[in-house]
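Next up, my_file_12.cif (mmCIF, C-alpha atoms and all ligand atoms):
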data_query
loop_
_atom_site.label_atom_id
_atom_site.label_comp_id
_atom_site.auth_asym_id
_atom_site.auth_seq_id
_atom_site.Cartn_x
_atom_site.Cartn_y
_atom_site.Cartn_z
CA MET J 1 16.95 -20.30 21.35
CA THR J 2 16.34 -18.77 17.91
CA LYS J 3 13.24 -16.64 17.85
CA THR J 4 10.73 -17.85 15.26
CA TYR J 5 8.10 -15.79 13.47
CA GLN J 6 5.29 -17.21 11.42
CA ILE J 7 4.59 -15.29 8.21
CA ALA J 8 1.65 -15.94 5.89
CA VAL J 9 2.85 -15.36 2.33
CA LEU J 10 0.05 -14.60 -0.15
CA PRO J 11 1.60 -13.83 -3.57
CA GLY J 12 -1.73 -13.64 -5.44
CA ASP J 13 -1.97 -12.75 -9.12
CA GLY J 14 -0.11 -11.02 -11.95
CA ILE J 15 3.21 -9.59 -10.81
CA GLY J 16 2.41 -10.61 -7.20
CA PRO J 17 4.44 -13.86 -7.26
CA GLU J 18 7.28 -12.19 -9.18
CA VAL J 19 7.83 -9.38 -6.68
CA MET J 20 7.12 -11.63 -3.69
CA ALA J 21 10.03 -13.90 -4.68
CA GLU J 22 12.37 -10.90 -4.33
CA ALA J 23 10.98 -9.88 -0.94
CA LEU J 24 11.55 -13.44 0.28
CA LYS J 25 15.21 -13.27 -0.80
CA VAL J 26 15.65 -10.21 1.40
CA LEU J 27 13.76 -11.87 4.27
CA LYS J 28 16.09 -14.87 4.08
CA ALA J 29 19.08 -12.55 4.37
CA VAL J 30 17.49 -10.86 7.41
CA SER J 31 17.01 -14.27 9.01
CA ARG J 32 20.73 -15.10 8.63
CA LYS J 33 21.99 -11.71 9.80
CA GLU J 34 19.65 -11.32 12.77
CA ASN J 35 19.61 -14.98 13.75
CA VAL J 36 15.82 -15.23 13.70
CA ALA J 37 13.71 -17.80 11.88
CA PHE J 38 10.84 -16.88 9.59
CA ARG J 39 8.50 -19.78 9.09
CA THR J 40 6.83 -18.71 5.85
CA GLN J 41 3.65 -20.45 4.84
CA GLU J 42 2.45 -19.78 1.34
CA ALA J 43 -1.29 -19.63 0.66
CA LEU J 44 -3.48 -18.96 -2.36
CA VAL J 45 -5.55 -15.82 -2.74
CA GLY J 46 -7.36 -14.01 -5.55
CA GLY J 47 -7.61 -15.52 -9.04
CA ALA J 48 -4.84 -17.94 -8.11
CA ALA J 49 -7.07 -19.36 -5.37
CA TRP J 50 -10.09 -19.49 -7.68
CA ASP J 51 -8.33 -22.00 -9.92
CA HIS J 52 -7.97 -24.45 -7.00
CA TYR J 53 -10.88 -23.68 -4.67
CA HIS J 54 -13.49 -21.73 -6.66
CA SER J 55 -13.11 -19.12 -3.92
CA HIS J 56 -11.03 -15.94 -3.90
CA LEU J 57 -10.32 -16.24 -0.18
CA PRO J 58 -10.42 -19.92 0.86
CA GLU J 59 -10.84 -20.94 4.50
CA GLU J 60 -7.40 -22.65 4.31
CA THR J 61 -5.80 -19.27 3.55
CA LEU J 62 -7.67 -17.53 6.35
CA THR J 63 -6.53 -20.21 8.80
CA ILE J 64 -2.88 -19.76 7.82
CA CYS J 65 -3.27 -15.98 8.25
CA ARG J 66 -4.87 -16.41 11.68
CA GLU J 67 -1.96 -18.57 12.82
CA SER J 68 0.64 -16.02 11.68
CA ASP J 69 2.37 -13.00 13.20
CA ALA J 70 1.90 -11.05 9.94
CA ILE J 71 0.66 -11.38 6.38
CA LEU J 72 2.89 -10.55 3.44
CA PHE J 73 0.52 -9.92 0.55
CA GLY J 74 1.39 -9.52 -3.15
CA SER J 75 -1.54 -8.36 -5.24
CA VAL J 76 -4.77 -9.68 -6.68
CA GLY J 77 -6.85 -9.06 -9.74
CA GLY J 78 -7.09 -9.91 -13.40
CA PRO J 79 -6.62 -7.98 -16.58
CA VAL J 80 -8.79 -4.84 -16.36
CA ARG J 81 -10.78 -5.90 -19.46
CA GLU J 82 -11.58 -9.34 -18.03
CA GLN J 83 -13.30 -8.09 -14.86
CA ASN J 84 -16.56 -9.79 -15.80
CA THR J 85 -15.37 -13.39 -16.01
CA PRO J 86 -16.19 -15.72 -13.07
CA LYS J 87 -12.51 -16.01 -12.14
CA TRP J 88 -11.99 -12.27 -11.86
CA GLN J 89 -15.41 -10.84 -11.01
CA GLY J 90 -15.36 -9.39 -7.51
CA VAL J 91 -11.91 -10.81 -6.83
CA GLU J 92 -10.60 -7.65 -5.12
CA VAL J 93 -13.69 -7.32 -2.93
CA HIS J 94 -13.77 -10.99 -1.90
CA SER J 95 -10.06 -11.45 -1.26
CA LEU J 96 -8.33 -8.18 -0.41
CA LEU J 97 -11.26 -6.32 1.14
CA GLY J 98 -12.29 -9.62 2.75
CA LEU J 99 -8.91 -9.92 4.48
CA ARG J 100 -8.93 -6.27 5.59
CA LYS J 101 -12.38 -6.72 7.09
CA ALA J 102 -11.71 -10.18 8.58
CA PHE J 103 -8.75 -8.86 10.54
CA GLY J 104 -10.20 -5.39 11.24
CA LEU J 105 -7.23 -3.72 9.53
CA PHE J 106 -8.61 -0.17 9.73
CA ALA J 107 -5.33 1.75 9.59
CA ASN J 108 -3.32 1.77 6.38
CA LEU J 109 0.05 3.53 6.19
CA ARG J 110 1.40 4.37 2.74
CA PRO J 111 4.74 6.19 2.86
CA ALA J 112 5.66 7.98 -0.37
CA ARG J 113 9.25 9.13 -0.33
CA LEU J 114 11.09 10.54 -3.32
CA PHE J 115 14.64 9.15 -3.19
CA PRO J 116 17.21 11.72 -4.37
CA ALA J 117 18.45 9.32 -7.08
CA LEU J 118 14.95 9.19 -8.59
CA ALA J 119 14.27 12.93 -8.77
CA PHE J 120 14.72 12.71 -12.55
CA ALA J 121 12.01 10.02 -12.78
CA SER J 122 9.41 12.12 -10.99
CA PRO J 123 6.77 13.90 -13.07
CA LEU J 124 7.15 16.87 -10.69
CA ARG J 125 8.80 20.01 -11.98
CA GLN J 126 12.51 19.19 -11.72
CA ASP J 127 13.41 22.06 -9.37
CA VAL J 128 10.63 20.81 -7.05
CA ALA J 129 11.66 17.15 -7.44
CA ARG J 130 15.28 17.86 -6.53
CA GLU J 131 14.15 19.00 -3.06
CA GLY J 132 12.71 15.52 -2.46
CA PHE J 133 9.66 14.82 -0.29
CA ASP J 134 8.43 12.39 2.32
CA ILE J 135 4.65 12.05 2.68
CA LEU J 136 2.76 9.49 4.74
CA VAL J 137 -0.77 8.75 3.61
CA VAL J 138 -2.78 7.43 6.55
CA ARG J 139 -5.80 5.82 4.94
CA GLU J 140 -8.92 4.56 6.72
CA LEU J 141 -9.28 1.04 5.34
CA THR J 142 -12.41 -0.72 6.60
CA GLY J 143 -15.13 1.90 6.28
CA GLY J 144 -16.43 4.67 4.05
CA ILE J 145 -17.94 4.10 0.64
CA TYR J 146 -16.08 0.80 0.18
CA PHE J 147 -18.10 -0.94 2.89
CA GLY J 148 -21.11 1.31 3.58
CA GLN J 149 -24.58 -0.28 3.25
CA PRO J 150 -26.82 -0.30 1.32
CA LYS J 151 -25.09 -1.06 -1.93
CA GLY J 152 -26.87 -2.46 -4.90
CA ARG J 153 -28.71 -2.22 -8.18
CA THR J 154 -32.41 -1.79 -8.82
CA GLY J 155 -34.80 -1.08 -11.66
CA THR J 156 -34.62 -1.74 -15.35
CA GLY J 157 -34.05 0.11 -18.60
CA GLU J 158 -33.48 3.86 -18.33
CA GLU J 159 -34.54 3.69 -14.66
CA GLU J 160 -31.92 1.08 -13.76
CA LYS J 161 -29.76 2.39 -10.93
CA ALA J 162 -26.68 1.40 -8.97
CA PHE J 163 -25.69 2.83 -5.61
CA ASP J 164 -23.03 2.78 -2.90
CA THR J 165 -23.27 4.44 0.49
CA MET J 166 -20.62 6.48 2.22
CA VAL J 167 -20.88 6.05 6.00
CA TYR J 168 -18.46 6.93 8.78
CA SER J 169 -19.11 6.59 12.49
CA ARG J 170 -17.51 8.79 15.13
CA CYS J 171 -15.39 5.92 16.46
CA GLU J 172 -14.14 4.99 12.98
CA ILE J 173 -13.04 8.57 12.31
CA ARG J 174 -11.61 9.10 15.76
CA ARG J 175 -9.41 5.98 15.78
CA ILE J 176 -7.86 6.65 12.34
CA ALA J 177 -7.32 10.33 13.23
CA GLN J 178 -5.56 9.26 16.43
CA VAL J 179 -3.25 7.01 14.39
CA ALA J 180 -2.42 9.95 12.10
CA PHE J 181 -1.74 12.40 14.94
CA GLU J 182 0.36 9.90 16.93
CA ILE J 183 2.52 9.20 13.89
CA ALA J 184 2.80 12.90 13.02
CA ARG J 185 4.27 13.49 16.49
CA LYS J 186 7.19 11.24 15.53
CA ARG J 187 7.57 12.93 12.11
CA ARG J 188 7.26 16.61 11.21
CA GLN J 189 4.22 17.35 13.41
CA LYS J 190 1.73 18.16 10.70
CA VAL J 191 -1.56 16.48 9.72
CA THR J 192 -3.49 17.54 6.64
CA SER J 193 -6.93 15.99 6.76
CA ILE J 194 -8.44 15.41 3.34
CA ASP J 195 -12.18 15.82 2.94
CA LYS J 196 -14.98 17.08 0.73
CA ALA J 197 -16.81 18.92 3.50
CA ASN J 198 -18.14 21.48 1.03
CA VAL J 199 -20.43 18.82 -0.48
CA LEU J 200 -20.66 15.54 1.45
CA THR J 201 -22.40 15.20 4.82
CA THR J 202 -20.09 12.33 5.79
CA MET J 203 -17.17 14.64 5.19
CA VAL J 204 -18.64 17.48 7.29
CA PHE J 205 -18.78 14.95 10.11
CA TRP J 206 -15.26 13.69 9.25
CA ARG J 207 -13.90 17.22 9.60
CA GLN J 208 -15.74 17.80 12.87
CA VAL J 209 -14.41 14.62 14.50
CA VAL J 210 -10.86 15.15 13.19
CA GLU J 211 -10.96 18.66 14.71
CA GLU J 212 -11.98 17.16 18.07
CA VAL J 213 -9.01 14.79 17.91
CA ALA J 214 -6.67 17.58 16.77
CA ALA J 215 -7.49 19.49 19.96
CA ASP J 216 -5.78 16.68 21.92
CA TYR J 217 -2.57 17.23 19.94
CA PRO J 218 -1.69 20.92 20.31
CA ASP J 219 1.91 20.10 19.36
CA VAL J 220 0.78 18.92 15.90
CA THR J 221 -0.28 21.42 13.23
CA TYR J 222 -3.67 20.47 11.83
CA GLU J 223 -5.09 21.69 8.55
CA PRO J 224 -8.16 20.55 6.61
CA MET J 225 -7.97 20.48 2.82
CA TYR J 226 -10.49 19.61 0.12
CA VAL J 227 -9.53 16.54 -1.85
CA ASP J 228 -9.54 18.25 -5.25
CA ASN J 229 -7.19 20.95 -4.02
CA ALA J 230 -5.01 18.32 -2.32
CA ALA J 231 -4.63 16.42 -5.60
CA MET J 232 -3.41 19.63 -7.19
CA GLN J 233 -1.23 20.80 -4.28
CA MET J 234 0.56 17.46 -4.23
CA VAL J 235 1.80 18.01 -7.77
CA LYS J 236 2.59 21.67 -7.18
CA ASN J 237 4.31 21.55 -3.80
CA PRO J 238 4.44 18.10 -2.13
CA GLN J 239 6.93 19.38 0.47
CA GLN J 240 4.08 21.17 2.27
CA PHE J 241 2.70 17.78 3.40
CA ASP J 242 3.79 15.51 6.22
CA VAL J 243 0.87 13.20 7.16
CA LEU J 244 -2.19 13.10 4.87
CA LEU J 245 -5.19 11.75 6.77
CA CYS J 246 -7.73 10.28 4.34
CA GLY J 247 -10.90 8.26 4.22
CA ASN J 248 -10.88 5.00 2.31
CA MET J 249 -11.54 6.22 -1.24
CA PHE J 250 -9.60 9.48 -1.17
CA GLY J 251 -6.63 7.65 0.37
CA ASP J 252 -6.74 5.07 -2.42
CA ILE J 253 -6.60 7.74 -5.09
CA LEU J 254 -4.12 10.14 -3.50
CA SER J 255 -1.70 7.35 -2.57
CA ASP J 256 -1.38 6.28 -6.23
CA GLU J 257 -0.74 9.91 -7.11
CA ALA J 258 1.87 10.29 -4.36
CA ALA J 259 3.51 7.04 -5.51
CA MET J 260 3.86 8.26 -9.07
CA LEU J 261 5.47 11.46 -7.84
CA THR J 262 8.20 9.24 -6.33
CA GLY J 263 8.85 7.78 -9.79
CA SER J 264 6.52 4.80 -10.01
CA LEU J 265 3.64 2.98 -8.36
CA GLY J 266 6.16 0.17 -7.97
CA MET J 267 7.88 2.21 -5.22
CA LEU J 268 4.90 2.41 -2.80
CA PRO J 269 4.81 0.03 0.18
CA SER J 270 2.02 -0.23 2.72
CA ALA J 271 1.17 -1.53 6.17
CA SER J 272 -2.30 -2.23 7.56
CA PHE J 273 -3.14 -2.78 11.23
CA ALA J 274 -5.94 -3.23 13.68
CA GLY J 275 -4.13 -1.62 16.60
CA SER J 276 -2.20 -4.70 17.76
CA GLY J 277 1.12 -6.01 16.44
CA PHE J 278 -0.50 -8.15 13.76
CA GLY J 279 -0.62 -6.56 10.32
CA MET J 280 -0.80 -7.07 6.58
CA TYR J 281 1.92 -5.71 4.30
CA GLU J 282 1.45 -5.16 0.58
CA PRO J 283 2.50 -2.91 -2.27
CA GLY J 284 0.13 -0.01 -2.94
CA GLY J 285 -0.11 -1.02 -6.60
CA GLY J 286 -1.91 -3.96 -8.09
CA SER J 287 -1.32 -7.07 -10.13
CA ALA J 288 -0.11 -5.00 -13.13
CA GLN J 289 -1.34 -7.56 -15.61
CA ASP J 290 0.01 -5.39 -18.44
CA ILE J 291 3.57 -6.35 -17.48
CA ALA J 292 3.01 -9.68 -15.67
CA GLY J 293 5.23 -12.56 -16.75
CA GLN J 294 7.81 -10.26 -18.34
CA HIS J 295 10.08 -10.11 -15.26
CA ILE J 296 10.29 -6.34 -15.49
CA ALA J 297 8.11 -5.39 -12.48
CA ASN J 298 9.69 -3.27 -9.79
CA PRO J 299 10.00 -5.33 -6.58
CA ILE J 300 10.88 -2.34 -4.37
CA ALA J 301 7.33 -1.76 -3.06
CA GLN J 302 7.13 -5.41 -1.96
CA ILE J 303 10.60 -5.26 -0.40
CA LEU J 304 9.83 -2.01 1.44
CA SER J 305 6.53 -3.55 2.62
CA THR J 306 8.61 -6.37 4.10
CA ALA J 307 10.72 -3.76 5.92
CA MET J 308 7.48 -2.27 7.30
CA MET J 309 6.45 -5.75 8.48
CA LEU J 310 9.73 -6.11 10.39
CA ARG J 311 9.27 -2.66 11.94
CA TYR J 312 5.61 -2.73 12.90
CA SER J 313 4.66 -6.38 13.46
CA LEU J 314 7.94 -8.00 14.48
CA ASN J 315 9.54 -5.09 16.31
CA MET J 316 12.77 -5.38 14.29
CA GLU J 317 13.66 -1.76 13.59
CA LYS J 318 17.33 -2.30 12.70
CA PRO J 319 16.84 -4.68 9.74
CA ALA J 320 13.88 -2.60 8.59
CA ARG J 321 16.08 0.48 8.41
CA ASP J 322 18.89 -1.49 6.79
CA ILE J 323 16.57 -2.73 4.03
CA GLU J 324 15.54 0.88 3.36
CA LYS J 325 19.21 1.90 3.27
CA ALA J 326 19.97 -0.96 0.87
CA VAL J 327 17.21 0.21 -1.49
CA GLU J 328 18.54 3.76 -1.35
CA LYS J 329 22.10 2.55 -2.04
CA VAL J 330 21.11 0.44 -5.05
CA LEU J 331 19.16 3.34 -6.52
CA ALA J 332 22.04 5.75 -5.84
CA GLU J 333 24.32 3.36 -7.76
CA GLY J 334 22.05 3.83 -10.77
CA HIS J 335 20.29 0.45 -10.94
CA ARG J 336 16.72 0.74 -12.22
CA THR J 337 13.86 -1.46 -13.31
CA ALA J 338 12.07 -0.34 -16.48
CA ASP J 339 9.43 1.75 -14.69
CA ILE J 340 12.04 4.04 -13.11
CA ALA J 341 14.66 3.92 -15.85
CA GLY J 342 15.80 6.97 -17.77
CA ARG J 343 16.24 7.01 -21.54
CA GLU J 344 19.95 6.23 -21.23
CA ASP J 345 19.58 3.50 -18.59
CA THR J 346 19.65 -0.21 -19.34
CA PRO J 347 16.88 -1.52 -17.08
CA VAL J 348 17.50 -4.50 -14.81
CA SER J 349 15.02 -7.35 -14.34
CA THR J 350 12.85 -7.91 -11.27
CA GLY J 351 15.20 -10.69 -10.14
CA THR J 352 18.36 -8.63 -10.60
CA MET J 353 16.89 -5.75 -8.61
CA GLY J 354 16.01 -8.19 -5.81
CA ASP J 355 19.54 -9.64 -5.87
CA LEU J 356 21.16 -6.19 -5.81
CA ILE J 357 19.09 -5.10 -2.81
CA THR J 358 19.74 -8.39 -0.98
CA THR J 359 23.50 -8.04 -1.55
CA ALA J 360 23.48 -4.39 -0.47
CA TYR J 361 21.56 -5.37 2.66
CA LYS J 362 24.04 -8.13 3.52
CA GLN J 363 26.96 -5.70 3.13
CA LEU J 364 25.58 -3.08 5.53
N1 LIG J 401 -3.48 -4.50 -3.67
C1 LIG J 401 -3.93 -5.07 -4.76
O1 LIG J 401 -3.96 -6.28 -4.85
C2 LIG J 401 -4.38 -4.22 -5.89
C3 LIG J 401 -4.12 -2.85 -5.93
C4 LIG J 401 -4.50 -2.12 -7.06
C5 LIG J 401 -5.11 -2.76 -8.12
N2 LIG J 401 -5.35 -4.09 -8.04
C6 LIG J 401 -5.92 -4.85 -9.16
O2 LIG J 401 -4.86 -5.06 -10.10
C7 LIG J 401 -5.43 -5.21 -11.42
C8 LIG J 401 -4.76 -4.26 -12.37
O3 LIG J 401 -5.15 -2.94 -12.03
P1 LIG J 401 -4.55 -1.60 -12.62
O4 LIG J 401 -3.83 -1.91 -13.88
O5 LIG J 401 -5.61 -0.60 -12.60
O6 LIG J 401 -3.51 -1.13 -11.49
P2 LIG J 401 -2.04 -1.62 -11.18
O7 LIG J 401 -1.65 -0.96 -9.90
O8 LIG J 401 -1.92 -3.09 -11.22
O9 LIG J 401 -1.15 -1.02 -12.36
C9 LIG J 401 -1.22 0.35 -12.73
C10 LIG J 401 0.01 0.69 -13.59
O10 LIG J 401 1.16 0.70 -12.74
C11 LIG J 401 2.13 -0.21 -13.18
N3 LIG J 401 2.72 -0.88 -12.02
C12 LIG J 401 2.10 -1.26 -10.89
N4 LIG J 401 2.94 -1.88 -10.06
C13 LIG J 401 4.15 -1.91 -10.70
C14 LIG J 401 5.42 -2.42 -10.36
N5 LIG J 401 5.63 -3.05 -9.21
N6 LIG J 401 6.43 -2.26 -11.26
C15 LIG J 401 6.24 -1.61 -12.41
N7 LIG J 401 5.04 -1.10 -12.79
C16 LIG J 401 4.01 -1.25 -11.93
C17 LIG J 401 1.38 -1.22 -14.05
O11 LIG J 401 2.23 -1.82 -15.01
C18 LIG J 401 0.29 -0.35 -14.67
O12 LIG J 401 0.76 0.29 -15.83
C19 LIG J 401 -6.93 -4.95 -11.24
O13 LIG J 401 -7.56 -6.18 -11.13
C20 LIG J 401 -7.01 -4.18 -9.95
O14 LIG J 401 -8.24 -4.29 -9.31
C21 LIG J 401 -4.98 -4.84 -6.96
C1 LIG J 402 -7.74 -3.46 -5.45
C2 LIG J 402 -8.46 -2.45 -4.62
C3 LIG J 402 -9.62 -3.08 -3.93
C4 LIG J 402 -7.54 -1.74 -3.62
C5 LIG J 402 -8.29 -0.61 -2.92
O1 LIG J 402 -9.00 0.16 -3.57
O2 LIG J 402 -8.16 -0.51 -1.70
C6 LIG J 402 -6.26 -1.15 -4.21
O3 LIG J 402 -6.52 -0.19 -5.17
C7 LIG J 402 -5.40 -0.59 -3.11
O4 LIG J 402 -5.03 0.58 -3.21
O5 LIG J 402 -5.06 -1.33 -2.17
MG MG J 403 -5.38 1.56 -4.94
#

Output the file's structure in the form of C-alpha cells.
Amino acid sequence: MTKTYQIAVLPGDGIGPEVMAEALKVLKAVSRKENVAFRTQEALVGGAAWDHYHSHLPEETLTICRESDAILFGSVGGPVREQNTPKWQGVEVHSLLGLRKAFGLFANLRPARLFPALAFASPLRQDVAREGFDILVVRELTGGIYFGQPKGRTGTGEEEKAFDTMVYSRCEIRRIAQVAFEIARKRRQKVTSIDKANVLTTMVFWRQVVEEVAADYPDVTYEPMYVDNAAMQMVKNPQQFDVLLCGNMFGDILSDEAAMLTGSLGMLPSASFAGSGFGMYEPGGGSAQDIAGQHIANPIAQILSTAMMLRYSLNMEKPARDIEKAVEKVLAEGHRTADIAGREDTPVSTGTMGDLITTAYKQL
C-alpha cells in the first residue's frame, strides 16, 4: 500500500504563495519517484487569513495543522510601512509566533551553506568566499525576549514607556543546547554559543547552563562568543563556525546575516521542532513585499525547507539529499533568480527556477 503523509500547506502573504507553488512542484516529483502520497491541505494564515476570518491564525488552520505530519509554511506579513493597519498589525506575532508556541516548536535549525557556484554573489571577500562555508544556526524559538513577560506600555507624554522582558529558564536553555551538541556530533564537532554575558543577566545564565551541557559532550569543541563579535567574525572568517547556538533574538539576526553571506536571504531554509517527528518548515526570510507579485522571488529557501521536511519529519533522507543535489546542479549550470544573479546573467523567474530544480531532481 502506498504510504500517505498529510502536509499542511500555509502559503501566507507576499512572495509566500509564489515560492510555495515551486516547492509543491518538487514535492509532486518526490511523490512519483518515491511512490508515496502527500495529501496536501492548504490553509490560510497571516494577512491572507485576515481577509476571510478577521484572524491571523484561524481555528480552521490550526485544526489542519494538528491533523498533519508536518507544516510547510511560506511567510507572513505586510509591507513594512503598513504595519499599523488592522490587517497587518501584530500579524507575525499572532500567526507565526502563535504557531511556534501552539506546537512547542522550540528548536529552529537554519543551515547557511555557500554553494561554490554562488561564491561570486557573496558579500564576503572573494578569497574567503571561494573556500565556501557551511554553518548551522540552532536558534531557540519559543522563549527569550520574544515571549518573556511582562511586556507592555505605560505612562504618557515624555514618561511613556514600552518594555519587553528577556527570560530563559534552565530547562529551556538545556534542551536547545542539547539539540545543538547532538547535531554538532554529526557535523564538524564544534558549537559556538552566542551570548551577551558581559551585560545581560539572562545571558550569564545562558552561558552557565550551556557550559553544563557542554561537559556532557567532551567530543565536541565548545566556545562561547559575544554576539557583537560573532556578527563581525562571520563576515571575516565564517569557516571557523560549525554550529552557532543562539537564543531567539540573536538567532533571528545572525541567521539573516549568514543567509546573505550565502548570496541571498532567499537561499535560507529552516526547520522547527518540538522534539518529536512533527515540525514546521519555512524559509528564513519573510514575505518580501518589495518584490511580491513580480515573479522574481527566489524559491530555493522554500524548496530546501521542503527537503528538510522530508528529512526530519517524514524520515525520507534520500529524496531530501536529491533535492539538495538538484539545487546545487541548477546553480552550477548558471541559472539564477534576480537576487543571486551577476551583472552578466539573465535572471530566471521564480517559476522557471522551480521547473529547473524539479527537472534536475527527476533526472537524478
Ligand atoms: N517567516 C516569516 O514569515 C517572516 C520572516 C521575516 C520577515 N517577515 C515579515 O515579512 C515582511 C517583510 O519584511 P522585511 O522586508 O523586513 O524582510 P524580508 O525577509 O521579507 O525581506 C528582506 C529583503 O530580502 C529580500 N528577500 C527575502 N526573501 C527573498 C527571496 N525568496 N527571494 C529574493 N529576495 C528575497 C526581500 O526582497 C527584501 O529586500 C514583514 O512583515 C516581516 O515582519 C516574515
Ligand atoms: C517575522 C518574525 C516574527 C520572524 C522572527 O523574528 O522569528 C522572522 O524574522 C524569522 O526569522 O522567522
Ligand atoms: Mg528573521

>> So that I can check the surroundings of Met267 (chain J), please list as number ranges by chain every protein, DNA and RNA residue that reaches within 12 Å of it, counting only C-alpha atoms and ignoring chain neighbours fewer than 5 positions away.
In response: J: 19, 110-115, 118, 121-122, 255-262, 282-286, 297-305, 324, 327-328, 331, 336-337, 339-340

> Suppose you want the space between CA of Met249 (chain J) and CA of Asp228 (chain J); what is it in Å?
Replying inline: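 Rounded to one decimal, the two atoms are 12.8 Å apart.
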
> Nearest to ligand MG 403 (chain J): which of J:Ile253, J:Ala360, J:Leu99, J:Val243 is it, counting all atoms listed in the file?
Replying inline: J:Ile253

> Do you know which residues are at most 7 Å from region 197-214 of chain J counting only C-alpha atoms, after dropping those on the same chain fewer than 3 positions away, and could you put them as JSON, numbers by chain?
Replying inline: {"J": [166, 167, 168, 170, 173, 174, 177, 178, 217, 218, 222]}

Counting all atoms listed in the file, which residues of chain J sit at most 6 Å from some atom of ligand LIG 402 (chain J), and what is each one's closest atom pair with its distance in Å to one decimal, listed by chain and rising residue number, as CSV?
residue,atom,partner,partner_atom,distance
J:Glu92,CA,J:LIG402,C3,4.8
J:Val93,CA,J:LIG402,C3,6.0
J:Asp252,CA,J:LIG402,O4,4.9
J:Gly284,CA,J:LIG402,O4,5.2

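We find CA of Thr221 (chain J) and CA of Arg188 (chain J) to be spaced 9.2 Å apart.
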
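Separating atom C12 of ligand LIG 401 (chain J) from CA of Gly74 (chain J) is a distance of 11.3 Å.
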
> Once you count all atoms listed in the file, which residues end up no further than 10 Å from (-11.5, -15.6, -10.9) in the file's frame, shown as a list in words?
Replying inline: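 The residues that fall inside the cut-off are Gly46, Gly47, Ala48, Ala49, Trp50, Asp51, His54, Ser55, His56, Val76, Gly77, Gly78, Glu82, Gln83, Asn84, Thr85, Pro86, Lys87, Trp88, Gln89, Gly90, Val91 and Glu92 of chain J.
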